file start-v3.txt (compact mmCIF, C-alpha atoms and all ligand atoms)
# COMPACT_ATOMS: atom_id res chain seq x y z
CA MET A 16 9.23 18.40 6.07
CA SER A 17 6.16 16.42 6.82
CA PHE A 18 4.42 13.97 4.46
CA ALA A 19 1.04 15.49 3.54
CA ALA A 20 -1.86 13.05 3.22
CA THR A 21 -5.08 14.45 1.76
CA LEU A 22 -8.16 12.23 1.58
CA LEU A 23 -11.13 13.00 -0.64
CA THR A 24 -13.96 10.99 0.86
CA LEU A 25 -17.65 10.87 1.75
CA TYR A 26 -16.60 9.49 5.17
CA PRO A 27 -13.92 11.77 6.64
CA GLU A 28 -14.66 10.26 10.08
CA MET A 29 -12.85 7.11 8.93
CA PHE A 30 -9.51 8.98 9.21
CA PRO A 31 -7.05 8.72 10.83
CA GLY A 32 -8.90 5.64 12.18
CA PRO A 33 -6.31 2.90 12.71
CA LEU A 34 -3.57 5.30 11.62
CA GLY A 35 -4.17 7.26 14.83
CA LEU A 36 -2.64 4.38 16.82
CA SER A 37 0.74 2.72 17.23
CA LEU A 38 3.59 3.66 14.88
CA ALA A 39 1.54 5.83 12.51
CA GLY A 40 -0.34 7.49 15.39
CA ARG A 41 2.85 8.50 17.16
CA ALA A 42 4.29 9.74 13.86
CA LEU A 43 1.15 11.84 13.34
CA GLU A 44 1.51 13.35 16.83
CA ARG A 45 5.17 14.13 16.15
CA GLY A 46 4.23 15.80 12.87
CA ASP A 47 6.13 13.33 10.65
CA TRP A 48 2.99 13.27 8.53
CA SER A 49 -0.14 15.41 8.39
CA LEU A 50 -3.71 14.53 7.58
CA ASP A 51 -6.29 16.61 5.76
CA THR A 52 -9.72 15.27 4.86
CA VAL A 53 -11.91 16.80 2.20
CA GLN A 54 -15.64 16.02 2.25
CA ILE A 55 -16.58 15.28 -1.37
CA ARG A 56 -20.18 16.25 -0.64
CA ASN A 57 -19.10 19.86 -0.06
CA PHE A 58 -18.50 20.07 -3.81
CA ALA A 59 -21.99 18.98 -4.84
CA GLN A 60 -23.47 21.44 -7.27
CA ASP A 61 -27.16 21.35 -6.29
CA LYS A 62 -29.11 22.26 -3.18
CA HIS A 63 -29.71 18.59 -2.31
CA ARG A 64 -25.92 18.09 -2.26
CA THR A 65 -26.18 15.17 -4.66
CA VAL A 66 -22.92 13.29 -5.23
CA ASP A 67 -24.15 10.30 -7.24
CA ASP A 68 -26.57 9.32 -9.97
CA THR A 69 -27.78 6.17 -11.73
CA PRO A 70 -25.44 4.45 -14.20
CA ALA A 71 -25.81 5.41 -17.84
CA GLY A 72 -26.97 2.31 -19.71
CA GLY A 73 -28.72 0.94 -16.65
CA GLY A 74 -27.67 -1.54 -14.01
CA ALA A 75 -27.37 -1.69 -10.26
CA GLY A 76 -26.05 0.96 -7.90
CA MET A 77 -25.00 4.56 -8.23
CA VAL A 78 -22.04 6.32 -9.84
CA LEU A 79 -20.10 9.28 -8.40
CA LYS A 80 -20.76 12.38 -10.48
CA VAL A 81 -17.89 13.74 -12.57
CA ASP A 82 -18.61 17.44 -11.88
CA VAL A 83 -18.52 16.85 -8.12
CA LEU A 84 -15.35 14.77 -8.33
CA ALA A 85 -13.61 17.32 -10.54
CA ALA A 86 -14.41 20.17 -8.15
CA ALA A 87 -13.09 18.17 -5.18
CA ILE A 88 -9.90 17.17 -7.02
CA ASP A 89 -9.28 20.72 -8.26
CA HIS A 90 -9.67 22.03 -4.72
CA ALA A 91 -7.19 19.48 -3.32
CA ARG A 92 -4.73 20.07 -6.14
CA GLU A 93 -4.83 23.82 -5.59
CA LYS A 94 -3.89 23.27 -1.95
CA ARG A 95 -1.23 20.61 -2.67
CA PRO A 96 -0.08 21.06 -6.28
CA ASP A 97 3.05 19.02 -5.55
CA CYS A 98 1.23 15.82 -4.48
CA PRO A 99 0.16 13.10 -6.93
CA VAL A 100 -3.56 12.27 -6.94
CA LEU A 101 -4.41 8.58 -6.62
CA ALA A 102 -7.93 7.21 -7.14
CA MET A 103 -8.80 3.94 -5.41
CA THR A 104 -10.39 1.53 -7.88
CA PRO A 105 -10.26 -2.20 -8.58
CA ARG A 106 -9.76 -1.19 -12.24
CA GLY A 107 -6.47 0.51 -11.39
CA ARG A 108 -2.87 -0.61 -11.59
CA PRO A 109 -2.07 -2.92 -8.67
CA ILE A 110 -0.07 -1.04 -6.03
CA THR A 111 3.51 -2.23 -5.48
CA GLN A 112 6.09 -1.69 -2.75
CA ALA A 113 8.22 0.16 -5.31
CA ARG A 114 5.39 2.67 -5.92
CA ILE A 115 4.85 3.00 -2.15
CA ARG A 116 8.53 3.75 -1.66
CA ALA A 117 8.47 6.41 -4.38
CA LEU A 118 5.37 8.02 -2.82
CA ALA A 119 6.97 7.98 0.66
CA GLU A 120 10.01 9.79 -0.73
CA GLY A 121 7.79 12.55 -2.14
CA PRO A 122 5.94 15.46 -0.50
CA GLY A 123 2.74 13.48 0.14
CA VAL A 124 -0.26 12.00 -1.59
CA THR A 125 -3.86 12.94 -2.32
CA ILE A 126 -6.21 9.96 -2.36
CA LEU A 127 -9.68 9.89 -3.89
CA CYS A 128 -11.92 7.28 -2.25
CA GLY A 129 -14.81 5.86 -4.25
CA ARG A 130 -18.14 4.52 -3.03
CA PHE A 131 -21.15 2.80 -4.62
CA GLU A 132 -20.29 1.58 -8.15
CA GLY A 133 -17.35 3.94 -8.41
CA PHE A 134 -16.43 6.94 -10.56
CA ASP A 135 -17.74 8.43 -13.79
CA GLU A 136 -14.92 7.42 -16.16
CA ARG A 137 -14.59 10.95 -17.58
CA ILE A 138 -12.82 12.03 -14.39
CA PHE A 139 -9.80 9.99 -15.54
CA GLU A 140 -9.93 11.47 -19.03
CA SER A 141 -10.08 15.04 -17.77
CA ARG A 142 -7.79 15.07 -14.73
CA ASP A 143 -4.29 13.75 -14.07
CA VAL A 144 -5.24 10.96 -11.68
CA GLU A 145 -3.44 7.66 -11.10
CA GLU A 146 -5.89 4.75 -10.84
CA VAL A 147 -4.68 2.35 -8.16
CA SER A 148 -5.96 -1.02 -6.96
CA VAL A 149 -4.97 -2.67 -3.67
CA GLY A 150 -5.64 -6.17 -4.97
CA ASP A 151 -8.11 -8.36 -6.82
CA ILE A 152 -10.84 -7.91 -4.25
CA VAL A 153 -13.85 -5.61 -4.13
CA LEU A 154 -14.21 -3.32 -1.11
CA SER A 155 -17.33 -1.34 -0.31
CA GLY A 156 -15.35 1.90 -0.43
CA GLY A 157 -11.94 3.35 -1.19
CA GLU A 158 -11.28 4.36 2.44
CA PRO A 159 -9.78 1.05 3.62
CA ALA A 160 -7.66 0.99 0.46
CA ALA A 161 -6.43 4.52 1.22
CA LEU A 162 -5.63 3.49 4.80
CA MET A 163 -3.54 0.62 3.44
CA ILE A 164 -1.58 2.86 1.12
CA LEU A 165 -0.99 5.49 3.78
CA ASP A 166 0.06 2.90 6.35
CA ALA A 167 2.60 1.49 3.91
CA CYS A 168 3.99 4.97 3.14
CA ILE A 169 4.09 6.23 6.72
CA ARG A 170 6.15 3.35 8.06
CA LEU A 171 8.84 4.24 5.54
CA LEU A 172 9.09 7.90 6.54
CA PRO A 173 12.41 8.84 8.17
CA GLY A 174 12.35 8.19 11.92
CA VAL A 175 9.05 6.30 11.95
CA MET A 176 10.35 2.76 12.20
CA GLY A 177 12.50 1.85 15.19
CA ALA A 178 15.45 0.28 13.43
CA ALA A 179 16.31 2.28 10.33
CA SER A 180 17.23 -0.89 8.47
CA SER A 181 14.02 -2.79 9.07
CA GLY A 182 12.47 -1.57 5.83
CA VAL A 183 15.11 -2.92 3.48
CA ASP A 184 15.12 -6.64 4.09
CA GLU A 185 11.40 -7.19 3.85
CA SER A 186 9.00 -8.92 1.52
CA PHE A 187 8.94 -7.37 -1.98
CA GLU A 188 11.85 -5.02 -1.35
CA GLY A 189 14.30 -7.22 -3.23
CA GLY A 190 11.68 -8.79 -5.46
CA PHE A 191 11.25 -11.73 -3.07
CA LEU A 192 9.10 -12.61 -0.09
CA GLU A 193 10.87 -12.36 3.23
CA TYR A 194 12.44 -15.49 4.76
CA PRO A 195 10.50 -17.05 7.67
CA GLN A 196 11.08 -15.64 11.16
CA TYR A 197 11.34 -17.37 14.54
CA THR A 198 11.75 -16.31 18.14
CA ARG A 199 12.08 -18.01 21.54
CA PRO A 200 11.27 -20.56 22.86
CA VAL A 201 13.78 -22.65 20.96
CA GLU A 202 11.49 -25.66 21.19
CA TRP A 203 7.70 -25.46 21.15
CA GLU A 204 5.32 -28.43 20.80
CA GLY A 205 8.31 -30.44 19.66
CA ARG A 206 9.23 -28.00 16.89
CA ARG A 207 12.67 -26.45 16.98
CA ILE A 208 13.95 -23.22 15.50
CA PRO A 209 16.19 -24.17 12.54
CA GLU A 210 19.67 -24.89 13.95
CA VAL A 211 21.42 -22.60 11.47
CA LEU A 212 19.70 -19.55 12.99
CA ARG A 213 21.26 -20.44 16.36
CA SER A 214 24.73 -21.10 14.96
CA GLY A 215 25.99 -17.53 15.26
CA ASP A 216 27.55 -17.98 11.79
CA HIS A 217 26.35 -14.82 10.04
CA ALA A 218 27.37 -15.88 6.55
CA LYS A 219 25.53 -19.19 6.91
CA ILE A 220 22.48 -17.46 8.32
CA ALA A 221 22.44 -14.98 5.43
CA ALA A 222 22.76 -17.83 2.91
CA TRP A 223 19.92 -19.80 4.57
CA ARG A 224 17.68 -16.74 4.58
CA LYS A 225 18.38 -15.99 0.95
CA THR A 226 17.62 -19.56 -0.09
CA ARG A 227 14.38 -19.64 1.89
CA ALA A 228 13.33 -16.26 0.48
CA GLN A 229 13.90 -17.52 -3.04
CA ASP A 230 12.32 -20.96 -2.54
CA ASP A 231 9.26 -19.54 -0.80
CA THR A 232 8.82 -16.90 -3.48
CA ARG A 233 9.02 -19.52 -6.23
CA LEU A 234 6.51 -21.81 -4.51
CA ARG A 235 4.08 -19.27 -3.07
CA ARG A 236 4.24 -16.49 -5.61
CA PRO A 237 5.25 -17.79 -9.04
CA ASP A 238 3.99 -14.45 -10.45
CA LEU A 239 6.57 -12.50 -8.41
CA TRP A 240 9.25 -15.05 -9.22
CA GLU A 241 8.61 -14.71 -12.95
CA ARG A 242 8.39 -10.95 -12.86
CA HIS A 243 11.79 -10.59 -11.26
CA GLY A 244 13.39 -13.21 -13.46
CA GLY A 245 13.83 -15.49 -10.44
CA VAL A 246 15.97 -18.11 -12.17
CA ARG A 247 18.46 -15.50 -13.32
CA ASP A 248 18.66 -14.06 -9.80
CA LEU A 249 19.39 -17.46 -8.36
CA SER A 250 22.35 -18.07 -10.69
CA ALA A 251 23.61 -14.54 -10.14
CA SER A 252 23.62 -15.09 -6.38
CA GLY A 253 25.48 -18.37 -6.90
CA ALA A 254 28.19 -16.39 -8.65
CA GLN A 255 28.48 -14.22 -5.55
CA GLN A 256 29.04 -17.38 -3.50
CA ASP A 257 26.12 -16.85 -1.20
CA SER A 258 23.65 -19.29 -2.70
CA GLU A 259 22.03 -22.31 -1.15
CA GLU A 260 24.96 -24.68 -0.60
N1 LIG B 301 -18.15 -1.36 -9.37
C1 LIG B 301 -16.75 -1.31 -9.09
C2 LIG B 301 -16.49 -1.54 -7.62
C3 LIG B 301 -16.91 -0.43 -6.74
S1 LIG B 301 -16.49 -0.72 -5.08
C4 LIG B 301 -16.05 -2.38 -9.89
O1 LIG B 301 -16.59 -3.47 -10.03
O2 LIG B 301 -14.91 -2.14 -10.34
C5 LIG B 301 -16.63 0.88 -4.39
C6 LIG B 301 -15.34 1.64 -4.20
O3 LIG B 301 -14.47 0.89 -3.36
C7 LIG B 301 -14.54 1.89 -5.47
O4 LIG B 301 -14.96 3.05 -6.15
C8 LIG B 301 -13.14 2.05 -4.92
O5 LIG B 301 -12.88 3.36 -4.49
C9 LIG B 301 -13.13 1.13 -3.72
N2 LIG B 301 -12.49 -0.16 -4.00
C10 LIG B 301 -13.10 -1.37 -4.06
N3 LIG B 301 -12.22 -2.35 -4.31
C11 LIG B 301 -11.01 -1.76 -4.43
C12 LIG B 301 -9.71 -2.25 -4.70
N4 LIG B 301 -9.46 -3.54 -4.92
N5 LIG B 301 -8.70 -1.35 -4.75
C13 LIG B 301 -8.91 -0.04 -4.54
N6 LIG B 301 -10.13 0.48 -4.28
C14 LIG B 301 -11.18 -0.36 -4.22
call {"tool": "encode", "arguments": {"input": "start-v3.txt", "output": "structure tokens"}}
result
Amino acid sequence: MSFAATLLTLYPEMFPGPLGLSLAGRALERGDWSLDTVQIRNFAQDKHRTVDDTPAGGGAGMVLKVDVLAAAIDHAREKRPDCPVLAMTPRGRPITQARIRALAEGPGVTILCGRFEGFDERIFESRDVEEVSVGDIVLSGGEPAALMILDACIRLLPGVMGAASSGVDESFEGGFLEYPQYTRPVEWEGRRIPEVLRSGDHAKIAAWRKTRAQDDTRLRRPDLWERHGGVRDLSASGAQQDSEE
């Protein structure tokens, strides 16, 4: 069963784009995931194929028309009724690794990419669409956001990543950032790989990694630390005898 990605976009040529290469590209060739693009403009209702109009109330830019969006969404949903529809918008709920994992475990995803000033709000009132943001930045279009989300899903599909385990230990998976990584040479510009990583003592290595993951999360991402009740986690891990000592 292949993961079905459907993109609703004014720029179908942007796909698969970078997802045609490397891990995701090989997975696409193998059929681990499939790609379908839907040109939003094909659902324009007039002979000029208009997809946007000026914002009600005035202001800069153009807004994607609700009738066009609804027709495009309805078309995609008819073809893939089992797939959730995500709309890319900075006003949406910030995407998380947990949501990515849930999507990757499902049948696929349909992603609506905005352009210009974005969507007529009534699309969200009238259709079951999940508004998703990829961070507190403003892109010129939803396509790069969709590529991000797809990339994150595809690498989790069965058989896509080399080592089956390499998804579990990573940043965000346990509520923490990943510990820092090193590789040879052992010494470079006078800097050495931490001795513990060369000790061969697996318990010590695991303890060091856990401590660094926790410390780095607390210092770099106090928001993540708070959200996962970092202090409580630290004492819980102490009880399991694998804390920082
Ligand atoms: N006027 C809007 C921004 C529109 S940017 C606002 O201020 O909220 C144009 C399109 O790019 C959006 O419709 C959306 O599809 C996409 N986009 C921009 N930033 C994004 C983000 N952080 N996350 C997801 N999509 C984004």
call {"tool": "residues_around", "arguments": {"input": "start-v3.txt", "residues": "Gln196 of chain A", "least_positions_apart": "6", "cutoff": "12 Å", "atoms": "all atoms listed in the file", "output": "number ranges by chain"}}
result
A: 185-186, 208-209, 212, 220, 223-224, 227-228
call {"tool": "closest_residue", "arguments": {"input": "start-v3.txt", "among": "A:Arg130, A:Arg207, A:His63, A:Lys225", "to": "ligand LIG 301 (chain B)", "atoms": "only C-alpha atoms and all ligand atoms"}}
result
A:Arg130
call {"tool": "closest_atom_pairs", "arguments": {"input": "start-v3.txt", "of": "chain A", "to": "ligand LIG 301 (chain B)", "cutoff": "8 Å", "atoms": "only C-alpha atoms and all ligand atoms", "output": "CSV"}}
result
residue,atom,partner,partner_atom,distance
A:Ala102,CA,B:LIG301,O5,6.8
A:Met103,CA,B:LIG301,N6,3.9
A:Thr104,CA,B:LIG301,N6,3.8
A:Pro105,CA,B:LIG301,C12,3.9
A:Arg106,CA,B:LIG301,O2,5.6
A:Gly107,CA,B:LIG301,N5,7.2
A:Pro109,CA,B:LIG301,N5,7.9
A:Leu127,CA,B:LIG301,O5,7.3
A:Cys128,CA,B:LIG301,O5,4.6
A:Gly129,CA,B:LIG301,O5,3.2
A:Arg130,CA,B:LIG301,C5,4.2
A:Phe131,CA,B:LIG301,C5,4.9
A:Glu132,CA,B:LIG301,N1,3.8
A:Gly133,CA,B:LIG301,O4,3.4
A:Phe134,CA,B:LIG301,O4,6.1
A:Val147,CA,B:LIG301,C13,6.1
A:Ser148,CA,B:LIG301,N5,3.5
A:Val149,CA,B:LIG301,N5,4.1
A:Gly150,CA,B:LIG301,N4,4.6
A:Asp151,CA,B:LIG301,N4,5.4
A:Ile152,CA,B:LIG301,N4,4.6
A:Val153,CA,B:LIG301,N3,3.6
A:Leu154,CA,B:LIG301,C10,3.7
A:Ser155,CA,B:LIG301,C5,4.7
A:Gly156,CA,B:LIG301,O3,3.2
A:Gly157,CA,B:LIG301,O5,3.4
A:Glu158,CA,B:LIG301,O5,7.2
A:Pro159,CA,B:LIG301,N6,7.9
A:Ala160,CA,B:LIG301,C13,5.3
A:Ala161,CA,B:LIG301,C13,7.8
call {"tool": "residues_near_point", "arguments": {"input": "start-v3.txt", "point": "(-7.0, 14.0, -10.5)", "cutoff": "9 Å", "atoms": "only C-alpha atoms", "output": "number ranges by chain"}}
result
A: 84-85, 88-89, 92, 99-102, 125, 127, 138-139, 141-145
call {"tool": "residues_around", "arguments": {"input": "start-v3.txt", "residues": "segment 117-119 of chain A", "least_positions_apart": "6", "cutoff": "12 Å", "atoms": "all atoms listed in the file", "output": "PyMOL selection string"}}
result
chain A and resi 16-20+47-48+97-101+110-111+125-126+164-173+175
call {"tool": "residues_around", "arguments": {"input": "start-v3.txt", "residues": "segment 236-238 of chain A", "least_positions_apart": "4", "cutoff": "12 Å", "atoms": "only C-alpha atoms", "output": "ChimeraX atom specification"}}
result
/A:186-187,190-193,228-232,242-246
call {"tool": "write_last_selection", "arguments": {"input": "start-v3.txt", "atoms": "C-alpha atoms", "output": "compact mmCIF listing (two decimals), keeping the file's coordinate frame"}}
result
# COMPACT_ATOMS: atom_id res chain seq x y z
CA SER A 186 9.00 -8.92 1.52
CA PHE A 187 8.94 -7.37 -1.98
CA GLY A 190 11.68 -8.79 -5.46
CA PHE A 191 11.25 -11.73 -3.07
CA LEU A 192 9.10 -12.61 -0.09
CA GLU A 193 10.87 -12.36 3.23
CA ALA A 228 13.33 -16.26 0.48
CA GLN A 229 13.90 -17.52 -3.04
CA ASP A 230 12.32 -20.96 -2.54
CA ASP A 231 9.26 -19.54 -0.80
CA THR A 232 8.82 -16.90 -3.48
CA ARG A 242 8.39 -10.95 -12.86
CA HIS A 243 11.79 -10.59 -11.26
CA GLY A 244 13.39 -13.21 -13.46
CA GLY A 245 13.83 -15.49 -10.44
CA VAL A 246 15.97 -18.11 -12.17
call {"tool": "atom_distance", "arguments": {"input": "start-v3.txt", "atom1": "atom CA of Glu44 of chain A", "atom2": "atom CA of Ala91 of chain A"}}
result
22.8 Å
call {"tool": "atom_distance", "arguments": {"input": "start-v3.txt", "atom1": "atom CA of Glu120 of chain A", "atom2": "atom CA of Glu188 of chain A"}}
result
14.9 Å
call {"tool": "atom_distance", "arguments": {"input": "start-v3.txt", "atom1": "atom CA of Lys94 of chain A", "atom2": "atom CA of Ala113 of chain A"}}
result
26.3 Å
call {"tool": "closest_residue", "arguments": {"input": "start-v3.txt", "among": "A:Thr198, A:Gly40, A:Asp82, A:Leu34", "to": "Arg56 of chain A", "atoms": "all atoms listed in the file"}}
result
A:Asp82
call {"tool": "closest_residue", "arguments": {"input": "start-v3.txt", "among": "A:Arg233, A:Arg41, A:Arg199, A:His90", "to": "Gln54 of chain A", "atoms": "only C-alpha atoms"}}
result
A:His90
call {"tool": "decode", "arguments": {"input": "start-v3.txt", "residues": "segment 146-218 of chain A", "atoms": "C-alpha atoms", "output": "PDB file, in the first residue's frame"}}
result
ATOM      1  CA  GLU A 146      -4.912  24.522   8.671  1.00  0.00           C
ATOM      2  CA  VAL A 147      -1.198  23.859   9.109  1.00  0.00           C
ATOM      3  CA  SER A 148       1.803  26.159   9.490  1.00  0.00           C
ATOM      4  CA  VAL A 149       5.423  25.095   9.015  1.00  0.00           C
ATOM      5  CA  GLY A 150       6.752  27.800  11.322  1.00  0.00           C
ATOM      6  CA  ASP A 151       6.593  31.478  12.167  1.00  0.00           C
ATOM      7  CA  ILE A 152       7.863  32.600   8.789  1.00  0.00           C
ATOM      8  CA  VAL A 153       6.063  33.822   5.683  1.00  0.00           C
ATOM      9  CA  LEU A 154       6.692  31.961   2.422  1.00  0.00           C
ATOM     10  CA  SER A 155       5.591  33.219  -0.975  1.00  0.00           C
ATOM     11  CA  GLY A 156       3.554  30.061  -1.512  1.00  0.00           C
ATOM     12  CA  GLY A 157       2.405  26.859   0.141  1.00  0.00           C
ATOM     13  CA  GLU A 158       4.458  24.626  -2.180  1.00  0.00           C
ATOM     14  CA  PRO A 159       7.721  24.666  -0.189  1.00  0.00           C
ATOM     15  CA  ALA A 160       5.683  24.051   2.971  1.00  0.00           C
ATOM     16  CA  ALA A 161       4.006  21.061   1.302  1.00  0.00           C
ATOM     17  CA  LEU A 162       7.412  19.734   0.207  1.00  0.00           C
ATOM     18  CA  MET A 163       8.583  19.947   3.823  1.00  0.00           C
ATOM     19  CA  ILE A 164       5.604  18.029   5.125  1.00  0.00           C
ATOM     20  CA  LEU A 165       5.841  15.369   2.443  1.00  0.00           C
ATOM     21  CA  ASP A 166       9.583  14.958   2.952  1.00  0.00           C
ATOM     22  CA  ALA A 167       9.040  14.433   6.671  1.00  0.00           C
ATOM     23  CA  CYS A 168       6.291  11.848   6.033  1.00  0.00           C
ATOM     24  CA  ILE A 169       8.080   9.948   3.274  1.00  0.00           C
ATOM     25  CA  ARG A 170      11.231   9.284   5.269  1.00  0.00           C
ATOM     26  CA  LEU A 171       9.086   7.524   7.864  1.00  0.00           C
ATOM     27  CA  LEU A 172       7.386   5.168   5.405  1.00  0.00           C
ATOM     28  CA  PRO A 173       8.324   1.501   5.864  1.00  0.00           C
ATOM     29  CA  GLY A 174      11.496   0.626   3.962  1.00  0.00           C
ATOM     30  CA  VAL A 175      12.416   4.199   3.038  1.00  0.00           C
ATOM     31  CA  MET A 176      15.126   4.832   5.590  1.00  0.00           C
ATOM     32  CA  GLY A 177      18.171   2.567   5.575  1.00  0.00           C
ATOM     33  CA  ALA A 178      18.272   1.577   9.220  1.00  0.00           C
ATOM     34  CA  ALA A 179      14.756   0.922  10.468  1.00  0.00           C
ATOM     35  CA  SER A 180      15.628   2.384  13.862  1.00  0.00           C
ATOM     36  CA  SER A 181      16.981   5.693  12.663  1.00  0.00           C
ATOM     37  CA  GLY A 182      13.614   7.406  13.007  1.00  0.00           C
ATOM     38  CA  VAL A 183      13.102   6.747  16.698  1.00  0.00           C
ATOM     39  CA  ASP A 184      16.051   8.383  18.383  1.00  0.00           C
ATOM     40  CA  GLU A 185      15.821  11.718  16.644  1.00  0.00           C
ATOM     41  CA  SER A 186      15.009  15.279  17.562  1.00  0.00           C
ATOM     42  CA  PHE A 187      11.403  15.721  18.759  1.00  0.00           C
ATOM     43  CA  GLU A 188      10.611  12.003  18.805  1.00  0.00           C
ATOM     44  CA  GLY A 189      10.987  11.764  22.574  1.00  0.00           C
ATOM     45  CA  GLY A 190      10.117  15.393  23.220  1.00  0.00           C
ATOM     46  CA  PHE A 191      13.792  16.399  23.157  1.00  0.00           C
ATOM     47  CA  LEU A 192      16.322  17.572  20.608  1.00  0.00           C
ATOM     48  CA  GLU A 193      18.782  14.923  19.534  1.00  0.00           C
ATOM     49  CA  TYR A 194      22.181  14.710  21.264  1.00  0.00           C
ATOM     50  CA  PRO A 195      25.145  16.075  19.246  1.00  0.00           C
ATOM     51  CA  GLN A 196      26.814  13.747  16.743  1.00  0.00           C
ATOM     52  CA  TYR A 197      30.479  13.275  15.831  1.00  0.00           C
ATOM     53  CA  THR A 198      32.449  11.214  13.347  1.00  0.00           C
ATOM     54  CA  ARG A 199      36.121  10.664  12.453  1.00  0.00           C
ATOM     55  CA  PRO A 200      38.706  12.149  12.589  1.00  0.00           C
ATOM     56  CA  VAL A 201      39.004  11.806  16.349  1.00  0.00           C
ATOM     57  CA  GLU A 202      40.940  15.061  16.513  1.00  0.00           C
ATOM     58  CA  TRP A 203      40.346  18.012  14.200  1.00  0.00           C
ATOM     59  CA  GLU A 204      41.810  21.512  14.635  1.00  0.00           C
ATOM     60  CA  GLY A 205      42.669  20.495  18.181  1.00  0.00           C
ATOM     61  CA  ARG A 206      39.103  19.462  19.029  1.00  0.00           C
ATOM     62  CA  ARG A 207      38.519  15.906  20.147  1.00  0.00           C
ATOM     63  CA  ILE A 208      35.411  13.765  20.000  1.00  0.00           C
ATOM     64  CA  PRO A 209      34.134  13.431  23.604  1.00  0.00           C
ATOM     65  CA  GLU A 210      36.046  10.532  25.207  1.00  0.00           C
ATOM     66  CA  VAL A 211      32.891   8.812  26.448  1.00  0.00           C
ATOM     67  CA  LEU A 212      31.763   8.173  22.858  1.00  0.00           C
ATOM     68  CA  ARG A 213      34.993   6.242  22.259  1.00  0.00           C
ATOM     69  CA  SER A 214      34.810   4.257  25.489  1.00  0.00           C
ATOM     70  CA  GLY A 215      32.769   1.369  24.101  1.00  0.00           C
ATOM     71  CA  ASP A 216      30.711   1.501  27.318  1.00  0.00           C
ATOM     72  CA  HIS A 217      27.179   1.471  25.927  1.00  0.00           C
ATOM     73  CA  ALA A 218      25.449   2.348  29.180  1.00  0.00           C
TER      74      ALA A 218
END
